[in-house]
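Below is my_file-v9.pdb, holding PDB, C-alpha atoms, pLDDT in the B column.
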```
ATOM      1  CA  MET G  42       0.004 -11.031 -51.260  1.00 54.00           C
ATOM      2  CA  ASP G  43       3.637 -11.416 -50.306  1.00 60.00           C
ATOM      3  CA  ARG G  44       3.853 -11.716 -46.517  1.00 61.00           C
ATOM      4  CA  LYS G  45       7.353 -10.227 -46.495  1.00 69.00           C
ATOM      5  CA  ILE G  46       5.872  -6.796 -47.114  1.00 78.00           C
ATOM      6  CA  LEU G  47       3.839  -7.049 -43.889  1.00 80.00           C
ATOM      7  CA  PHE G  48       7.057  -6.694 -41.908  1.00 79.00           C
ATOM      8  CA  PRO G  49       7.846  -3.012 -42.704  1.00 86.00           C
ATOM      9  CA  ILE G  50       4.237  -2.020 -43.360  1.00 90.00           C
ATOM     10  CA  GLY G  51       3.287  -3.200 -39.876  1.00 90.00           C
ATOM     11  CA  GLY G  52       6.008  -0.974 -38.409  1.00 91.00           C
ATOM     12  CA  LEU G  53       4.760   2.042 -40.377  1.00 94.00           C
ATOM     13  CA  ILE G  54       1.162   1.395 -39.325  1.00 94.00           C
ATOM     14  CA  ILE G  55       2.272   1.278 -35.690  1.00 93.00           C
ATOM     15  CA  LEU G  56       4.050   4.634 -35.988  1.00 94.00           C
ATOM     16  CA  ILE G  57       1.149   6.324 -37.787  1.00 95.00           C
ATOM     17  CA  CYS G  58      -1.519   4.952 -35.452  1.00 94.00           C
ATOM     18  CA  PHE G  59       0.407   6.080 -32.378  1.00 92.00           C
ATOM     19  CA  PHE G  60      -0.602   9.638 -33.277  1.00 93.00           C
ATOM     20  CA  LEU G  61      -4.239   8.772 -34.023  1.00 94.00           C
ATOM     21  CA  PRO G  62      -6.991   8.554 -31.359  1.00 93.00           C
ATOM     22  CA  TRP G  63      -6.674   5.335 -29.335  1.00 89.00           C
ATOM     23  CA  ILE G  64      -9.547   5.774 -26.906  1.00 87.00           C
ATOM     24  CA  ARG G  65     -12.511   8.075 -26.390  1.00 88.00           C
ATOM     25  CA  ALA G  66     -13.327   9.240 -22.880  1.00 82.00           C
ATOM     26  CA  CYS G  67     -16.122  11.698 -22.080  1.00 82.00           C
ATOM     27  CA  GLU G  68     -16.383  12.672 -25.761  1.00 83.00           C
ATOM     28  CA  VAL G  69     -12.638  13.442 -25.853  1.00 85.00           C
ATOM     29  CA  GLU G  70     -10.368  11.431 -28.121  1.00 90.00           C
ATOM     30  CA  ILE G  71      -6.981  10.520 -26.634  1.00 86.00           C
ATOM     31  CA  THR G  72      -4.047   9.596 -28.872  1.00 88.00           C
ATOM     32  CA  GLY G  73      -1.215   7.222 -28.050  1.00 88.00           C
ATOM     33  CA  LEU G  74       1.031  10.259 -27.687  1.00 89.00           C
ATOM     34  CA  GLN G  75      -1.338  11.787 -25.127  1.00 88.00           C
ATOM     35  CA  LEU G  76      -1.522   8.489 -23.245  1.00 85.00           C
ATOM     36  CA  THR G  77       2.256   8.704 -22.980  1.00 86.00           C
ATOM     37  CA  THR G  78       2.803  12.373 -22.148  1.00 86.00           C
ATOM     38  CA  ASP G  79      -0.377  13.769 -20.543  1.00 78.00           C
ATOM     39  CA  GLU G  80      -0.034  14.800 -16.897  1.00 73.00           C
ATOM     40  CA  ASP G  81      -3.402  13.296 -15.920  1.00 70.00           C
ATOM     41  CA  VAL G  82      -3.513  10.016 -17.844  1.00 67.00           C
ATOM     42  CA  GLY G  83       0.033   9.668 -19.167  1.00 69.00           C
ATOM     43  CA  GLU G  84       2.074   6.515 -18.705  1.00 81.00           C
ATOM     44  CA  PRO G  85       5.605   6.649 -20.132  1.00 83.00           C
ATOM     45  CA  ILE G  86       5.542   2.887 -20.743  1.00 86.00           C
ATOM     46  CA  PHE G  87       3.511   3.577 -23.897  1.00 86.00           C
ATOM     47  CA  TRP G  88       6.705   4.949 -25.510  1.00 90.00           C
ATOM     48  CA  LEU G  89       7.526   1.275 -26.067  1.00 90.00           C
ATOM     49  CA  ILE G  90       4.862   1.110 -28.795  1.00 91.00           C
ATOM     50  CA  PRO G  91       6.466   3.556 -31.282  1.00 92.00           C
ATOM     51  CA  ALA G  92       9.877   2.176 -30.255  1.00 92.00           C
ATOM     52  CA  ALA G  93       8.631  -1.264 -31.340  1.00 91.00           C
ATOM     53  CA  GLY G  94       7.528   0.220 -34.675  1.00 91.00           C
ATOM     54  CA  VAL G  95      10.959   1.761 -35.247  1.00 92.00           C
ATOM     55  CA  LEU G  96      12.721  -1.479 -34.274  1.00 89.00           C
ATOM     56  CA  ILE G  97      10.542  -3.442 -36.686  1.00 87.00           C
ATOM     57  CA  ILE G  98      11.363  -1.103 -39.567  1.00 88.00           C
ATOM     58  CA  ILE G  99      15.090  -1.160 -38.751  1.00 87.00           C
ATOM     59  CA  ALA G 100      15.050  -4.947 -38.420  1.00 84.00           C
ATOM     60  CA  PHE G 101      13.630  -5.286 -41.933  1.00 83.00           C
ATOM     61  CA  PHE G 102      16.796  -3.760 -43.376  1.00 82.00           C
ATOM     62  CA  LEU G 103      19.279  -5.757 -41.284  1.00 79.00           C
ATOM     63  CA  LYS G 104      21.159  -8.675 -42.850  1.00 66.00           C
ATOM     64  CA  ARG G 105      21.107 -11.064 -39.944  1.00 65.00           C
ATOM     65  CA  GLN G 106      18.603 -13.763 -39.123  1.00 72.00           C
ATOM     66  CA  GLN G 107      18.321 -12.108 -35.702  1.00 77.00           C
ATOM     67  CA  ALA G 108      16.473  -9.252 -37.405  1.00 77.00           C
ATOM     68  CA  LYS G 109      13.364 -11.386 -37.704  1.00 80.00           C
ATOM     69  CA  LEU G 110      13.684 -12.372 -34.070  1.00 83.00           C
ATOM     70  CA  LEU G 111      14.047  -8.708 -33.069  1.00 83.00           C
ATOM     71  CA  ALA G 112      10.903  -7.781 -34.998  1.00 83.00           C
ATOM     72  CA  ALA G 113       8.951 -10.718 -33.580  1.00 86.00           C
ATOM     73  CA  VAL G 114       9.984  -9.849 -30.011  1.00 88.00           C
ATOM     74  CA  ALA G 115       9.126  -6.163 -30.537  1.00 89.00           C
ATOM     75  CA  SER G 116       5.704  -7.127 -31.937  1.00 89.00           C
ATOM     76  CA  ILE G 117       4.940  -9.557 -29.141  1.00 90.00           C
ATOM     77  CA  GLY G 118       6.113  -7.050 -26.532  1.00 90.00           C
ATOM     78  CA  GLY G 119       3.881  -4.338 -27.996  1.00 90.00           C
ATOM     79  CA  LEU G 120       0.906  -6.684 -28.146  1.00 89.00           C
ATOM     80  CA  LEU G 121       1.425  -7.763 -24.524  1.00 90.00           C
ATOM     81  CA  LEU G 122       1.669  -4.138 -23.407  1.00 88.00           C
ATOM     82  CA  LEU G 123      -1.568  -3.243 -25.181  1.00 86.00           C
ATOM     83  CA  LEU G 124      -3.227  -6.386 -23.839  1.00 84.00           C
ATOM     84  CA  TRP G 125      -2.221  -5.470 -20.291  1.00 84.00           C
ATOM     85  CA  LYS G 126      -3.023  -1.764 -20.414  1.00 81.00           C
ATOM     86  CA  ILE G 127      -5.939  -1.466 -22.858  1.00 79.00           C
ATOM     87  CA  ILE G 128      -7.541  -4.711 -24.007  1.00 76.00           C
ATOM     88  CA  VAL G 129      -7.961  -6.394 -20.584  1.00 79.00           C
ATOM     89  CA  PRO G 130      -9.778  -3.390 -19.041  1.00 76.00           C
ATOM     90  CA  PHE G 131     -12.128  -3.365 -22.051  1.00 76.00           C
ATOM     91  CA  ALA G 132     -12.696  -7.122 -21.827  1.00 77.00           C
ATOM     92  CA  LYS G 133     -13.465  -6.925 -18.104  1.00 76.00           C
ATOM     93  CA  GLY G 134     -15.972  -4.151 -18.719  1.00 76.00           C
ATOM     94  CA  GLU G 135     -14.074  -1.701 -16.514  1.00 73.00           C
ATOM     95  CA  ALA G 136     -13.431   0.627 -19.436  1.00 74.00           C
ATOM     96  CA  ARG G 137     -17.053   0.676 -20.544  1.00 74.00           C
ATOM     97  CA  GLU G 138     -18.193   1.472 -17.008  1.00 76.00           C
ATOM     98  CA  MET G 139     -15.928   4.518 -17.148  1.00 77.00           C
ATOM     99  CA  GLY G 140     -17.331   5.513 -20.565  1.00 79.00           C
ATOM    100  CA  LEU G 141     -14.228   4.592 -22.563  1.00 82.00           C
ATOM    101  CA  SER G 142     -14.298   3.235 -26.098  1.00 84.00           C
ATOM    102  CA  ILE G 143     -11.449   2.047 -28.301  1.00 85.00           C
ATOM    103  CA  GLN G 144     -10.825   4.122 -31.426  1.00 90.00           C
ATOM    104  CA  ALA G 145      -9.168   3.645 -34.833  1.00 92.00           C
ATOM    105  CA  GLY G 146      -5.630   4.375 -33.631  1.00 92.00           C
ATOM    106  CA  GLY G 147      -5.790   1.668 -30.988  1.00 90.00           C
ATOM    107  CA  ILE G 148      -7.215  -0.883 -33.397  1.00 92.00           C
ATOM    108  CA  GLY G 149      -4.731   0.121 -36.097  1.00 94.00           C
ATOM    109  CA  THR G 150      -1.818  -0.240 -33.689  1.00 92.00           C
ATOM    110  CA  ILE G 151      -2.931  -3.759 -32.773  1.00 92.00           C
ATOM    111  CA  LEU G 152      -3.327  -4.666 -36.453  1.00 93.00           C
ATOM    112  CA  GLY G 153       0.094  -3.162 -37.246  1.00 93.00           C
ATOM    113  CA  LEU G 154       1.720  -5.218 -34.495  1.00 91.00           C
ATOM    114  CA  LEU G 155      -0.002  -8.368 -35.760  1.00 92.00           C
ATOM    115  CA  ALA G 156       1.019  -7.638 -39.365  1.00 90.00           C
ATOM    116  CA  ALA G 157       4.637  -7.079 -38.335  1.00 89.00           C
ATOM    117  CA  LEU G 158       4.621 -10.293 -36.312  1.00 88.00           C
ATOM    118  CA  ILE G 159       3.234 -12.305 -39.234  1.00 88.00           C
ATOM    119  CA  GLY G 160       5.745 -10.699 -41.590  1.00 84.00           C
ATOM    120  CA  ALA G 161       8.636 -11.347 -39.206  1.00 82.00           C
ATOM    121  CA  LEU G 162       7.706 -14.988 -38.741  1.00 82.00           C
ATOM    122  CA  ASN G 163       7.060 -15.711 -42.420  1.00 78.00           C
ATOM    123  CA  GLY G 164       9.168 -13.288 -44.402  1.00 63.00           C
ATOM    124  CA  ALA G 165      12.770 -12.440 -44.940  1.00 52.00           C
ATOM    125  CA  SER G 166      14.496  -9.120 -44.477  1.00 48.00           C
ATOM    126  CA  SER G 167      15.187  -7.030 -47.571  1.00 50.00           C
ATOM    127  CA  SER G 168      18.905  -7.889 -47.404  1.00 49.00           C
ATOM    128  CA  GLU G 169      18.187 -11.638 -47.306  1.00 49.00           C
ATOM    129  CA  GLU G 170      16.060 -11.300 -50.437  1.00 50.00           C
ATOM    130  CA  LYS G 171      18.937  -9.694 -52.373  1.00 51.00           C
ATOM    131  CA  ASN G 172      21.405 -12.356 -51.264  1.00 51.00           C
ATOM    132  CA  ASP G 173      19.164 -15.385 -51.865  1.00 49.00           C
ATOM    133  CA  PRO G 174      20.870 -17.429 -54.640  1.00 48.00           C
ATOM    134  CA  LYS G 175      17.662 -19.335 -55.447  1.00 47.00           C
ATOM    135  CA  GLU G 176      15.900 -16.186 -56.584  1.00 44.00           C
ATOM    136  CA  ASN G 177      18.831 -15.051 -58.758  1.00 42.00           C
ATOM    137  CA  GLN G 178      18.646 -18.166 -60.983  1.00 42.00           C
TER     138      GLN G 178
END
```

Take the structure in this file and express it as structure tokens.
Amino acid sequence: MDRKILFPIGGLIILICFFLPWIRACEVEITGLQLTTDEDVGEPIFWLIPAAGVLIIIAFFLKRQQAKLLAAVASIGGLLLLLWKIIVPFAKGEAREMGLSIQAGGIGTILGLLAALIGALNGASSSEEKNDPKENQ
């Protein structure tokens, strides 16, 4: 599989999974959107996750080498945010004590961020592919 394709696919996965259930609490599934906007549990900092997905997709179509750096930074930032806000409480057992469980949207978002990071570090943007003289020979 061509790793370059992981770059934009990771961004799309992040955007899709933001609207899927991230955690389950008291038999209620909570999406990334609800974690961001809900009056009781909402934290606006989670808006950085879909913003990272959009930045990753935009970076794929940019011509500059900095595009890969932008995507890598957005991926790492999203992963650190999820590590801080979701993964660490689960690892410490605090989340399980409260009856929380991670759901498909949360796992998918993490996988999307990892895929985008791998694609950004190993692949080229779509514009670089078109301008690569080695591939045109």

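Residue nearest Gly118 in chain G within the list G:Ile159, G:Ile46, G:Val69, G:Leu154: G:Leu154 [criterion: smallest interatomic distance, only C-alpha atoms].
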
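Applied to the shown file, the PyMOL selection byres ((chain G and resi 142) around 9) selects the residues Trp63, Ile64, Arg65, Ala66, Phe131, Ala136, Arg137, Gly140, Leu141, Ile143 and Gln144 of chain G.
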
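The space between CA of Glu135 in chain G and CA of Leu158 in chain G spans 28.6 Å.
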
* Structure fact -> Nearest to Leu162 in chain G, restricted to all atoms listed in the file and choosing among G:Ile71, G:Ile57, G:Leu110, G:Ile99, comes out as G:Leu110

* **Near-Ile98 in chain G list (6 Å; all atoms listed in the file; drop same-chain fewer than 3 positions) as a PyMOL selection string** => chain G and resi 49+52+95+101

* Asked: Do you have the CA of Ser116 in chain G-CA of Glu138 in chain G distance handy?
  -> 29.5 Å

Emit range 97-122 of chain G of the structure in the block as a file comprising N, CA and C atoms, as a CSV table (one decimal), in the first residue's frame.
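This is the output file selection_8.csv:
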```csv
chain,number,residue,atom,x,y,z
G,97,ILE,N,-4.9,18.8,7.9
G,97,ILE,CA,-4.2,17.6,7.3
G,97,ILE,C,-4.6,17.5,5.8
G,98,ILE,N,-5.9,17.6,5.6
G,98,ILE,CA,-6.4,17.5,4.2
G,98,ILE,C,-5.9,18.6,3.3
G,99,ILE,N,-6.0,19.8,3.9
G,99,ILE,CA,-5.5,21.0,3.1
G,99,ILE,C,-4.0,20.9,2.9
G,100,ALA,N,-3.2,20.4,3.8
G,100,ALA,CA,-1.8,20.3,3.7
G,100,ALA,C,-1.4,19.3,2.6
G,101,PHE,N,-2.2,18.3,2.4
G,101,PHE,CA,-2.0,17.3,1.3
G,101,PHE,C,-1.9,18.0,-0.1
G,102,PHE,N,-2.7,19.0,-0.3
G,102,PHE,CA,-2.8,19.7,-1.6
G,102,PHE,C,-1.9,20.9,-1.7
G,103,LEU,N,-1.1,21.2,-0.7
G,103,LEU,CA,-0.2,22.3,-0.8
G,103,LEU,C,1.1,21.9,-1.5
G,104,LYS,N,1.8,22.8,-2.1
G,104,LYS,CA,3.0,22.5,-2.9
G,104,LYS,C,4.2,22.5,-2.1
G,105,ARG,N,4.2,23.1,-1.0
G,105,ARG,CA,5.4,23.3,-0.2
G,105,ARG,C,5.8,22.1,0.7
G,106,GLN,N,7.1,22.0,1.0
G,106,GLN,CA,7.6,21.0,1.9
G,106,GLN,C,7.0,21.2,3.3
G,107,GLN,N,6.6,22.5,3.6
G,107,GLN,CA,6.1,22.8,4.9
G,107,GLN,C,4.7,22.1,5.1
G,108,ALA,N,4.1,21.7,4.0
G,108,ALA,CA,2.8,21.0,4.1
G,108,ALA,C,2.9,19.7,5.0
G,109,LYS,N,3.9,19.0,4.7
G,109,LYS,CA,4.1,17.7,5.5
G,109,LYS,C,4.4,18.1,7.0
G,110,LEU,N,5.1,19.1,7.2
G,110,LEU,CA,5.4,19.5,8.6
G,110,LEU,C,4.1,20.0,9.3
G,111,LEU,N,3.2,20.7,8.5
G,111,LEU,CA,1.9,21.2,9.1
G,111,LEU,C,1.1,20.0,9.4
G,112,ALA,N,1.0,19.0,8.6
G,112,ALA,CA,0.2,17.8,8.8
G,112,ALA,C,0.8,17.0,10.0
G,113,ALA,N,2.1,16.9,10.1
G,113,ALA,CA,2.7,16.1,11.2
G,113,ALA,C,2.4,16.8,12.5
G,114,VAL,N,2.6,18.2,12.5
G,114,VAL,CA,2.3,18.9,13.8
G,114,VAL,C,0.8,18.8,14.2
G,115,ALA,N,-0.1,18.9,13.2
G,115,ALA,CA,-1.5,18.8,13.5
G,115,ALA,C,-1.8,17.4,14.0
G,116,SER,N,-1.2,16.3,13.5
G,116,SER,CA,-1.4,15.0,14.0
G,116,SER,C,-0.9,14.8,15.4
G,117,ILE,N,0.3,15.3,15.6
G,117,ILE,CA,0.9,15.1,16.9
G,117,ILE,C,0.1,15.9,18.0
G,118,GLY,N,-0.3,17.1,17.6
G,118,GLY,CA,-1.1,17.9,18.5
G,118,GLY,C,-2.4,17.2,18.9
G,119,GLY,N,-3.1,16.7,17.9
G,119,GLY,CA,-4.3,15.9,18.1
G,119,GLY,C,-4.1,14.7,19.0
G,120,LEU,N,-3.0,14.0,18.7
G,120,LEU,CA,-2.7,12.8,19.5
G,120,LEU,C,-2.4,13.2,21.0
G,121,LEU,N,-1.7,14.3,21.2
G,121,LEU,CA,-1.3,14.8,22.5
G,121,LEU,C,-2.6,15.2,23.3
G,122,LEU,N,-3.5,15.9,22.6
G,122,LEU,CA,-4.7,16.3,23.2
G,122,LEU,C,-5.6,15.1,23.6
```
